[in-house]
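Structure below is model-v8.pdb: PDB, C-alpha atoms and all ligand atoms.
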```pdb
MODEL        1
ATOM      1  CA  MET A   1       0.000   0.000   0.000
ATOM      2  CA  SER A   2       2.864   2.406   0.745
ATOM      3  CA  LEU A   3       4.110   1.863  -2.799
ATOM      4  CA  ILE A   4       0.708   2.883  -4.152
ATOM      5  CA  ILE A   5       0.731   6.015  -1.984
ATOM      6  CA  VAL A   6       4.161   7.015  -3.336
ATOM      7  CA  MET A   7       3.083   6.216  -6.904
ATOM      8  CA  GLY A   8      -0.085   8.262  -6.484
ATOM      9  CA  GLY A   9       1.821  11.266  -5.219
ATOM     10  CA  LEU A  10       4.404  11.152  -7.982
ATOM     11  CA  VAL A  11       1.866  10.626 -10.755
ATOM     12  CA  ALA A  12      -0.238  13.476  -9.377
ATOM     13  CA  SER A  13       2.545  16.045  -9.349
ATOM     14  CA  PHE A  14       3.818  14.918 -12.747
ATOM     15  CA  ILE A  15       0.436  15.002 -14.502
ATOM     16  CA  TYR A  16      -0.545  18.278 -12.843
ATOM     17  CA  ALA A  17       2.648  19.858 -14.163
ATOM     18  CA  LEU A  18       1.796  18.426 -17.573
ATOM     19  CA  THR A  19      -1.739  19.867 -17.363
ATOM     20  CA  GLN A  20      -0.387  23.354 -16.697
ATOM     21  CA  SER A  21       2.162  23.351 -19.455
ATOM     22  CA  ASP A  22       1.486  24.255 -23.054
ATOM     23  CA  SER A  23       4.457  22.381 -24.400
ATOM     24  CA  ILE A  24       6.970  19.702 -23.569
ATOM     25  CA  SER A  25       8.917  22.274 -21.510
ATOM     26  CA  PHE A  26       7.028  21.014 -18.439
ATOM     27  CA  LEU A  27       9.851  18.497 -18.046
ATOM     28  CA  THR A  28      12.179  21.253 -16.929
ATOM     29  CA  ARG A  29       9.530  23.589 -15.551
ATOM     30  CA  ARG A  30       8.355  21.344 -12.744
ATOM     31  CA  SER A  31      11.762  21.590 -11.146
ATOM     32  CA  ARG A  32      11.609  25.394 -10.914
ATOM     33  CA  CYS A  33       9.682  27.716  -8.623
ATOM     34  CA  ASP A  34       6.794  29.513 -10.389
ATOM     35  CA  SER A  35       7.755  32.948  -9.073
ATOM     36  CA  CYS A  36      11.548  33.059  -8.591
ATOM     37  CA  SER A  37      12.345  30.258 -11.096
ATOM     38  CA  ASN A  38      15.076  28.956  -8.827
ATOM     39  CA  HIS A  39      15.775  25.296  -9.264
ATOM     40  CA  LEU A  40      14.118  23.246  -6.557
ATOM     41  CA  LYS A  41      16.054  20.811  -4.425
ATOM     42  CA  VAL A  42      15.258  17.138  -4.781
ATOM     43  CA  THR A  43      13.628  17.204  -1.351
ATOM     44  CA  ASP A  44      11.279  19.969  -2.558
ATOM     45  CA  LEU A  45       9.871  17.616  -5.168
ATOM     46  CA  ILE A  46       8.569  14.999  -2.737
ATOM     47  CA  PRO A  47       4.766  15.124  -3.029
ATOM     48  CA  VAL A  48       2.701  16.314  -0.041
ATOM     49  CA  ILE A  49       5.623  16.117   2.446
ATOM     50  CA  SER A  50       7.644  18.909   0.807
ATOM     51  CA  TYR A  51       4.553  21.113   0.707
ATOM     52  CA  LEU A  52       3.886  20.585   4.407
ATOM     53  CA  LYS A  53       7.560  20.892   5.351
ATOM     54  CA  ASN A  54       7.892  24.289   3.627
ATOM     55  CA  ARG A  55       4.412  25.306   4.854
ATOM     56  CA  GLY A  56       3.253  25.905   1.288
ATOM     57  CA  ARG A  57       6.080  28.306   0.451
ATOM     58  CA  CYS A  58       9.071  28.192  -1.876
ATOM     59  CA  SER A  59      12.242  27.305   0.036
ATOM     60  CA  HIS A  60      14.190  30.028  -1.831
ATOM     61  CA  CYS A  61      11.974  33.102  -2.126
ATOM     62  CA  HIS A  62       9.271  32.098   0.371
ATOM     63  CA  SER A  63       6.462  33.080  -1.997
ATOM     64  CA  ARG A  64       3.294  31.053  -1.669
ATOM     65  CA  VAL A  65       3.063  27.851  -3.679
ATOM     66  CA  SER A  66      -0.452  27.216  -5.010
ATOM     67  CA  ILE A  67      -2.477  24.935  -2.724
ATOM     68  CA  ASN A  68      -3.586  23.146  -5.903
ATOM     69  CA  TYR A  69      -0.398  21.060  -5.848
ATOM     70  CA  LEU A  70      -1.274  19.689  -2.436
ATOM     71  CA  LEU A  71      -4.928  19.229  -3.400
ATOM     72  CA  VAL A  72      -4.120  17.235  -6.552
ATOM     73  CA  GLU A  73      -1.610  15.045  -4.716
ATOM     74  CA  VAL A  74      -3.845  14.267  -1.731
ATOM     75  CA  ILE A  75      -6.961  13.463  -3.797
ATOM     76  CA  THR A  76      -4.978  11.334  -6.261
ATOM     77  CA  ILE A  77      -3.320   9.357  -3.457
ATOM     78  CA  MET A  78      -6.709   8.770  -1.795
ATOM     79  CA  LEU A  79      -8.253   7.508  -5.021
ATOM     80  CA  PHE A  80      -5.180   5.359  -5.730
ATOM     81  CA  VAL A  81      -5.497   3.619  -2.363
ATOM     82  CA  MET A  82      -9.284   3.344  -2.263
ATOM     83  CA  PRO A  83      -9.688   0.228  -4.491
ATOM     84  CA  LEU A  84      -7.604  -1.685  -1.934
ATOM     85  CA  ILE A  85     -10.235  -0.937   0.699
ATOM     86  CA  VAL A  86     -13.464  -0.667  -1.300
ATOM     87  CA  PRO A  87     -13.642  -3.008  -4.320
ATOM     88  CA  LEU A  88     -14.508  -1.417  -7.658
ATOM     89  CA  GLY A  89     -18.021  -2.095  -8.952
ATOM     90  CA  TYR A  90     -16.670  -1.833 -12.480
ATOM     91  CA  ASP A  91     -13.584  -3.951 -12.330
ATOM     92  CA  ASN A  92     -11.123  -2.418 -14.762
ATOM     93  CA  MET A  93      -8.145  -1.352 -12.652
ATOM     94  CA  LEU A  94      -6.045  -0.041 -15.526
ATOM     95  CA  LEU A  95      -8.789   2.212 -16.826
ATOM     96  CA  TYR A  96      -9.529   3.347 -13.269
ATOM     97  CA  TYR A  97      -5.919   4.349 -12.617
ATOM     98  CA  LEU A  98      -5.638   6.074 -15.979
ATOM     99  CA  LEU A  99      -8.771   8.121 -15.315
ATOM    100  CA  VAL A 100      -7.693   9.056 -11.763
ATOM    101  CA  SER A 101      -4.244  10.095 -13.014
ATOM    102  CA  ILE A 102      -5.620  12.378 -15.706
ATOM    103  CA  LEU A 103      -9.001  13.574 -14.420
ATOM    104  CA  ILE A 104      -7.953  14.731 -10.931
ATOM    105  CA  PRO A 105      -5.244  17.151 -12.153
ATOM    106  CA  LEU A 106      -7.630  18.212 -14.946
ATOM    107  CA  ALA A 107     -10.471  18.815 -12.453
ATOM    108  CA  VAL A 108      -8.329  21.028 -10.205
ATOM    109  CA  TYR A 109      -6.994  22.908 -13.243
ATOM    110  CA  ASP A 110     -10.502  23.447 -14.624
ATOM    111  CA  PHE A 111     -11.716  24.600 -11.205
ATOM    112  CA  ASP A 112      -8.886  27.128 -11.101
ATOM    113  CA  THR A 113      -8.944  28.442 -14.658
ATOM    114  CA  LEU A 114     -12.176  27.211 -16.323
ATOM    115  CA  LEU A 115      -9.956  25.771 -19.036
ATOM    116  CA  ILE A 116      -9.404  22.224 -20.273
ATOM    117  CA  PRO A 117      -6.081  21.889 -22.114
ATOM    118  CA  THR A 118      -6.473  20.051 -25.419
ATOM    119  CA  HIS A 119      -3.225  18.109 -25.052
ATOM    120  CA  MET A 120      -4.621  16.451 -21.904
ATOM    121  CA  LEU A 121      -7.755  15.384 -23.781
ATOM    122  CA  VAL A 122      -5.595  13.951 -26.552
ATOM    123  CA  LEU A 123      -3.539  12.076 -23.955
ATOM    124  CA  LEU A 124      -6.678  10.653 -22.320
ATOM    125  CA  PHE A 125      -8.133   9.685 -25.703
ATOM    126  CA  VAL A 126      -5.010   7.893 -26.949
ATOM    127  CA  CYS A 127      -4.230   6.117 -23.648
ATOM    128  CA  GLY A 128      -7.909   5.241 -23.119
ATOM    129  CA  LEU A 129      -8.328   3.659 -26.561
ATOM    130  CA  TYR A 130      -5.052   1.813 -26.141
ATOM    131  CA  LEU A 131      -5.888   0.429 -22.687
ATOM    132  CA  THR A 132      -9.408  -0.660 -23.633
ATOM    133  CA  LYS A 133      -8.209  -2.028 -27.001
ATOM    134  CA  LEU A 134     -11.197  -0.308 -28.664
ATOM    135  CA  GLU A 135     -13.432  -2.737 -26.742
ATOM    136  CA  HIS A 136     -15.985  -0.036 -25.842
ATOM    137  CA  MET A 137     -15.865   1.669 -29.183
ATOM    138  CA  ASP A 138     -19.272   1.117 -30.752
ATOM    139  CA  ILE A 139     -19.327   3.093 -33.980
ATOM    140  CA  SER A 140     -23.085   3.647 -34.271
ATOM    141  CA  ILE A 141     -23.918   4.251 -30.597
ATOM    142  CA  ASP A 142     -20.841   6.373 -29.925
ATOM    143  CA  PHE A 143     -21.403   8.383 -33.107
ATOM    144  CA  LEU A 144     -24.984   9.074 -32.054
ATOM    145  CA  THR A 145     -23.849  10.017 -28.531
ATOM    146  CA  VAL A 146     -21.277  12.452 -29.897
ATOM    147  CA  ILE A 147     -23.936  14.039 -32.158
ATOM    148  CA  ILE A 148     -26.354  14.382 -29.207
ATOM    149  CA  LEU A 149     -23.571  15.924 -27.098
ATOM    150  CA  HIS A 150     -22.935  18.497 -29.821
ATOM    151  CA  ILE A 151     -26.655  19.337 -30.057
ATOM    152  CA  PHE A 152     -26.608  19.703 -26.275
ATOM    153  CA  TYR A 153     -23.653  22.078 -26.650
ATOM    154  CA  MET A 154     -25.417  24.207 -29.244
ATOM    155  CA  LEU A 155     -28.471  24.506 -26.991
ATOM    156  CA  PHE A 156     -26.520  25.412 -23.857
ATOM    157  CA  LYS A 157     -23.494  27.137 -25.391
ATOM    158  CA  ASP A 158     -23.201  29.723 -22.634
ATOM    159  CA  LYS A 159     -23.537  27.130 -19.872
ATOM    160  CA  ILE A 160     -21.174  24.420 -21.010
ATOM    161  CA  GLY A 161     -17.698  24.655 -22.475
ATOM    162  CA  TYR A 162     -16.632  22.826 -25.612
ATOM    163  CA  GLY A 163     -13.875  21.100 -23.639
ATOM    164  CA  ASP A 164     -16.564  19.429 -21.520
ATOM    165  CA  ILE A 165     -18.262  18.121 -24.680
ATOM    166  CA  GLN A 166     -14.931  16.770 -25.907
ATOM    167  CA  LEU A 167     -14.335  15.080 -22.556
ATOM    168  CA  PHE A 168     -17.766  13.382 -22.630
ATOM    169  CA  SER A 169     -17.177  12.328 -26.240
ATOM    170  CA  ILE A 170     -13.929  10.641 -25.231
ATOM    171  CA  LEU A 171     -15.511   8.952 -22.214
ATOM    172  CA  THR A 172     -18.280   7.398 -24.300
ATOM    173  CA  MET A 173     -15.658   5.778 -26.527
ATOM    174  CA  ILE A 174     -13.514   4.332 -23.741
ATOM    175  CA  THR A 175     -16.233   3.063 -21.368
ATOM    176  CA  PRO A 176     -19.238   0.736 -21.840
ATOM    177  CA  PHE A 177     -22.408   2.543 -22.920
ATOM    178  CA  ASP A 178     -24.344   2.051 -19.651
ATOM    179  CA  PHE A 179     -21.253   3.105 -17.695
ATOM    180  CA  PHE A 180     -21.180   6.324 -19.702
ATOM    181  CA  ILE A 181     -24.889   7.002 -19.120
ATOM    182  CA  PHE A 182     -24.487   6.540 -15.353
ATOM    183  CA  THR A 183     -21.462   8.873 -15.392
ATOM    184  CA  PHE A 184     -23.355  11.510 -17.362
ATOM    185  CA  LEU A 185     -26.389  11.358 -15.050
ATOM    186  CA  PHE A 186     -24.267  11.482 -11.906
ATOM    187  CA  THR A 187     -22.239  14.426 -13.223
ATOM    188  CA  TYR A 188     -25.418  16.475 -13.489
ATOM    189  CA  ILE A 189     -27.002  15.165 -10.298
ATOM    190  CA  ILE A 190     -23.890  15.938  -8.207
ATOM    191  CA  GLY A 191     -23.233  19.154 -10.149
ATOM    192  CA  GLY A 192     -26.842  20.321  -9.867
ATOM    193  CA  ILE A 193     -27.030  19.742  -6.117
ATOM    194  CA  SER A 194     -23.653  21.470  -5.580
ATOM    195  CA  VAL A 195     -24.634  24.508  -7.635
ATOM    196  CA  ILE A 196     -27.927  24.855  -5.747
ATOM    197  CA  ILE A 197     -26.068  24.692  -2.415
ATOM    198  CA  LEU A 198     -23.376  27.148  -3.586
ATOM    199  CA  ASP A 199     -26.046  29.499  -4.941
ATOM    200  CA  LEU A 200     -27.488  29.798  -1.441
ATOM    201  CA  PHE A 201     -24.184  31.202  -0.158
ATOM    202  CA  GLU A 202     -23.094  33.317  -3.120
ATOM    203  CA  ALA A 203     -24.411  36.860  -3.388
ATOM    204  CA  SER A 204     -24.248  36.914  -7.180
ATOM    205  CA  ARG A 205     -25.629  34.104  -9.269
ATOM    206  CA  ILE A 206     -23.164  31.575 -10.588
ATOM    207  CA  THR A 207     -22.927  31.793 -14.359
ATOM    208  CA  LYS A 208     -20.012  29.605 -15.335
ATOM    209  CA  VAL A 209     -19.296  26.341 -13.548
ATOM    210  CA  PRO A 210     -16.188  24.185 -13.984
ATOM    211  CA  LEU A 211     -17.652  20.848 -15.050
ATOM    212  CA  VAL A 212     -14.627  18.541 -14.866
ATOM    213  CA  PRO A 213     -14.713  18.250 -11.026
ATOM    214  CA  PHE A 214     -18.303  17.010 -11.353
ATOM    215  CA  VAL A 215     -17.474  14.711 -14.259
ATOM    216  CA  ALA A 216     -14.742  13.223 -12.060
ATOM    217  CA  ALA A 217     -17.141  12.871  -9.115
ATOM    218  CA  GLY A 218     -19.776  11.251 -11.370
ATOM    219  CA  LEU A 219     -17.239   8.977 -12.989
ATOM    220  CA  PHE A 220     -15.708   7.659  -9.776
ATOM    221  CA  THR A 221     -19.146   7.216  -8.187
ATOM    222  CA  THR A 222     -20.019   5.064 -11.199
ATOM    223  CA  PHE A 223     -16.763   3.101 -10.870
ATOM    224  CA  TYR A 224     -17.662   2.047  -7.332
ATOM    225  CA  LEU A 225     -21.428   1.615  -7.704
ATOM    226  CA  TYR A 226     -21.626   0.229 -11.266
ATOM    227  CA  ALA A 227     -22.436  -3.348 -10.188
ATOM    228  CA  ASP A 228     -25.227  -2.113  -7.907
ATOM    229  CA  PHE A 229     -26.747  -0.001 -10.673
ATOM    230  CA  ILE A 230     -26.698  -2.916 -13.063
ATOM    231  CA  ASP A 231     -28.384  -5.114 -10.423
ATOM    232  CA  ILE A 232     -31.133  -2.566  -9.872
ATOM    233  CA  TYR A 233     -31.579  -1.931 -13.587
ATOM    234  CA  TYR A 234     -31.737  -5.528 -14.781
ATOM    235  CA  GLY A 235     -32.896  -7.163 -11.542
ATOM    236  CA  GLY A 236     -36.086  -5.140 -11.277
ATOM    237  CA  PHE A 237     -37.724  -4.771  -7.875
TER     238      PHE A 237
HETATM  239 ZN    ZN B 301      10.741  30.693  -5.315
ENDMDL
END
```

Could you spell out this file's structure in structure tokens?
Amino acid sequence: MSLIIVMGGLVASFIYALTQSDSISFLTRRSRCDSCSNHLKVTDLIPVISYLKNRGRCSHCHSRVSINYLLVEVITIMLFVMPLIVPLGYDNMLLYYLLVSILIPLAVYDFDTLLIPTHMLVLLFVCGLYLTKLEHMDISIDFLTVIILHIFYMLFKDKIGYGDIQLFSILTMITPFDFFIFTFLFTYIIGGISVIILDLFEASRITKVPLVPFVAAGLFTTFYLYADFIDIYYGGF
């Protein structure tokens, strides 16, 4: 389990750096401070621990390091360890770990900037198709789903970003159809409830909502409860 925790932390900080970068330069960028661009010591690169040790500040210039680093690392580690404690309802470990590794950094980034970098979607698409060996690629159903998603986008253009549509389009191709439907429903159920709750506290009405955190929440809910949903759906009452 300790190996999985270390893996989770390393993957999280690596992929989050990749999410933020617009080119391959992330390979060198991660090892520099965002504000003073001093090279970081090896000990400053240890996930979670280095953040806590330096109290969220750069060890050179003492400027604040974004809490997002810590957030991405902690959530990723938790989701990496969770299948060891709670068995997955949809038992595809590789796909699960791929989606955790990419969607958690993407969710935090989207929450922060309302942007979804295209290179991350490409990465998810390529790795997803490779890992599932095109098993869940159903030309007619997926094509129809993608068309419906685009109609949905045209109807709610000001509410939903095109990146979100692209993300859903990828998910439908790399997961079984009923898995995708559950994910989609849960995204909007969890998202809807959260927005209603947030609206109660915000003075101004929320106009733009980062969707990826809710897609991630919907997706991982589906991963754990998939078998139960299938039972209810096909088992009747
Ligand atoms: Zn610095």

Restrict the calculation to all atoms listed in the file, then for each residue of chain A with any atom at most 12 Å from an atom of ligand ZN 301 (chain B) give the closest atom pair and their distance in Å to one decimal, rows by chain and rising residue number, as a tab-separated table.
```
residue	atom	partner	partner_atom	distance
A:Ser31	CA	B:ZN301	ZN	10.9
A:Arg32	CA	B:ZN301	ZN	7.8
A:Cys33	CA	B:ZN301	ZN	4.6
A:Asp34	CA	B:ZN301	ZN	6.5
A:Ser35	CA	B:ZN301	ZN	5.3
A:Cys36	CA	B:ZN301	ZN	4.1
A:Ser37	CA	B:ZN301	ZN	6.0
A:Asn38	CA	B:ZN301	ZN	5.8
A:His39	CA	B:ZN301	ZN	8.4
A:Leu40	CA	B:ZN301	ZN	8.3
A:Lys41	CA	B:ZN301	ZN	11.3
A:Asp44	CA	B:ZN301	ZN	11.1
A:Asn54	CA	B:ZN301	ZN	11.4
A:Gly56	CA	B:ZN301	ZN	11.1
A:Arg57	CA	B:ZN301	ZN	7.8
A:Cys58	CA	B:ZN301	ZN	4.6
A:Ser59	CA	B:ZN301	ZN	6.5
A:His60	CA	B:ZN301	ZN	4.9
A:Cys61	CA	B:ZN301	ZN	4.2
A:His62	CA	B:ZN301	ZN	6.0
A:Ser63	CA	B:ZN301	ZN	5.9
A:Arg64	CA	B:ZN301	ZN	8.3
A:Val65	CA	B:ZN301	ZN	8.3
A:Ser66	CA	B:ZN301	ZN	11.7
```

(message) What does the structure give for the distance between CA of Ser13 (chain A) and CA of Phe182 (chain A), in Å to one decimal?
(response)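 That distance, rounded to one decimal, is 29.3 Å.
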
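Across A:Gly192, A:Pro105, A:Pro83, A:Gly89, the tightest approach to Ala12 (chain A) is made by A:Pro105 when counting only C-alpha atoms.
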
(message) Measuring between only C-alpha atoms, which one of A:Thr145, A:Thr132, A:Thr19, A:Ser194 shows the shortest distance to Val209 (chain A)?
(response)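 Looking at the shortest contact to Val209 (chain A), the residue is A:Ser194.
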
For the structure provided, state which residues fall under the PyMOL selection byres (((chain A and resi 125-128) around 10) and not hetatm), and present them as a PDB file with C-alpha atoms, in the coordinates of the input.
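After the write, out02.pdb holds the following:
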```pdb
ATOM      1  CA  LEU A  94      -6.045  -0.041 -15.526  1.00  0.00           C
ATOM      2  CA  LEU A  95      -8.789   2.212 -16.826  1.00  0.00           C
ATOM      3  CA  LEU A  98      -5.638   6.074 -15.979  1.00  0.00           C
ATOM      4  CA  LEU A  99      -8.771   8.121 -15.315  1.00  0.00           C
ATOM      5  CA  HIS A 119      -3.225  18.109 -25.052  1.00  0.00           C
ATOM      6  CA  MET A 120      -4.621  16.451 -21.904  1.00  0.00           C
ATOM      7  CA  LEU A 121      -7.755  15.384 -23.781  1.00  0.00           C
ATOM      8  CA  VAL A 122      -5.595  13.951 -26.552  1.00  0.00           C
ATOM      9  CA  LEU A 123      -3.539  12.076 -23.955  1.00  0.00           C
ATOM     10  CA  LEU A 124      -6.678  10.653 -22.320  1.00  0.00           C
ATOM     11  CA  LEU A 129      -8.328   3.659 -26.561  1.00  0.00           C
ATOM     12  CA  TYR A 130      -5.052   1.813 -26.141  1.00  0.00           C
ATOM     13  CA  LEU A 131      -5.888   0.429 -22.687  1.00  0.00           C
ATOM     14  CA  THR A 132      -9.408  -0.660 -23.633  1.00  0.00           C
ATOM     15  CA  LYS A 133      -8.209  -2.028 -27.001  1.00  0.00           C
ATOM     16  CA  LEU A 134     -11.197  -0.308 -28.664  1.00  0.00           C
ATOM     17  CA  GLN A 166     -14.931  16.770 -25.907  1.00  0.00           C
ATOM     18  CA  LEU A 167     -14.335  15.080 -22.556  1.00  0.00           C
ATOM     19  CA  SER A 169     -17.177  12.328 -26.240  1.00  0.00           C
ATOM     20  CA  ILE A 170     -13.929  10.641 -25.231  1.00  0.00           C
ATOM     21  CA  LEU A 171     -15.511   8.952 -22.214  1.00  0.00           C
ATOM     22  CA  MET A 173     -15.658   5.778 -26.527  1.00  0.00           C
ATOM     23  CA  ILE A 174     -13.514   4.332 -23.741  1.00  0.00           C
ATOM     24  CA  THR A 175     -16.233   3.063 -21.368  1.00  0.00           C
TER      25      THR A 175
END
```

(request) Would you mind telling me which residue in A:Leu52, A:Ile102, A:Val212, A:Val195 lies nearest to Ile165 (chain A) when using all atoms listed in the file? (result)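 Ranking A:Leu52, A:Ile102, A:Val212, A:Val195 by distance to Ile165 (chain A), first place goes to A:Val212.
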
(message) Using all atoms listed in the file for the distances, tell me which of A:Ile197, A:Ile75, A:Ala217, A:Met137 is nearest to Pro176 (chain A).
(response)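 Checking each of A:Ile197, A:Ile75, A:Ala217, A:Met137 against Pro176 (chain A), counting all atoms listed in the file, the winner is A:Met137.
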
(message) Can you spell out as a PyMOL selection string the set of residues that the PyMOL selection byres (((chain A and resi 179) around 10) and not hetatm) selects in the structure I just provided?
(response) chain A and resi 90+171-172+174-178+180-184+219+222-223+226-227+229-230

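Here CA of Pro47 (chain A) and CA of Gly163 (chain A) stand 28.4 Å from one another.
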
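Between Pro117 (chain A) and the residues A:Asp138, A:Asn68, A:Thr207, A:Leu18, the shortest atom-to-atom distance, using all atoms listed in the file, involves A:Leu18.
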
(message) When you look at Ile116 (chain A) with a cut-off of 7 Å (counting all atoms listed in the file), what residues show up, excluding the ones that are within fewer than 2 positions of it in the same chain? I need them as number ranges by chain.
(response) A: 106, 110, 114, 118, 163

(message) Show me, as a ChimeraX atom specification, the residues that have an atom within 9 Å of Tyr96 (chain A) when counting all atoms listed in the file, minus same-chain residues fewer than 4 positions from it.
(response) /A:80,88,90-92,100-101,220,223

I need the chosen residues saved as a compact mmCIF listing (two decimals), keeping the file's coordinate frame, with C-alpha atoms.
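As written to disk, again-v3.txt reads:
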```txt
# COMPACT_ATOMS: atom_id res chain seq x y z
CA PHE A 80 -5.18 5.36 -5.73
CA LEU A 88 -14.51 -1.42 -7.66
CA TYR A 90 -16.67 -1.83 -12.48
CA ASP A 91 -13.58 -3.95 -12.33
CA ASN A 92 -11.12 -2.42 -14.76
CA VAL A 100 -7.69 9.06 -11.76
CA SER A 101 -4.24 10.10 -13.01
CA PHE A 220 -15.71 7.66 -9.78
CA PHE A 223 -16.76 3.10 -10.87
```

(message) When you look at Thr43 (chain A) with a cut-off of 10 Å (counting only C-alpha atoms), what residues show up, excluding the ones that are within fewer than 5 positions of it in the same chain? I need them as JSON, numbers by chain.
(response) {"A": [49, 50, 53]}

Just write the chosen residues, C-alpha atoms, as an mmCIF file, keeping the file's coordinate frame.
```cif
data_model
loop_
_atom_site.group_PDB
_atom_site.id
_atom_site.type_symbol
_atom_site.label_atom_id
_atom_site.label_comp_id
_atom_site.auth_asym_id
_atom_site.auth_seq_id
_atom_site.Cartn_x
_atom_site.Cartn_y
_atom_site.Cartn_z
ATOM 1 C CA ILE A 49 5.623 16.117 2.446
ATOM 2 C CA SER A 50 7.644 18.909 0.807
ATOM 3 C CA LYS A 53 7.560 20.892 5.351
#
```

(request) Name the residues in contact with Met1 (chain A) at a cut-off of 12 Å, using only C-alpha atoms, excluding same-chain residues fewer than 5 positions from it; report them as a PyMOL selection string. (result) chain A and resi 6-8+77-78+80-85

(request) Between CA of Val146 (chain A) and CA of Pro210 (chain A), measure the distance and give it in Å to one decimal. (result)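 If I compute the distance from CA of Val146 (chain A) to CA of Pro210 (chain A), I get 20.4 Å.
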
(request) Run the PyMOL selection byres (((chain A and resi 149) around 10) and not hetatm) against the file shown and list the residues it catches, as a list in words. (result) Phe143, Leu144, Thr145, Val146, Ile147, Ile148, His150, Ile151, Phe152, Tyr153, Met154, Leu155, Tyr162, Asp164, Ile165, Gln166, Phe168 and Ser169 of chain A
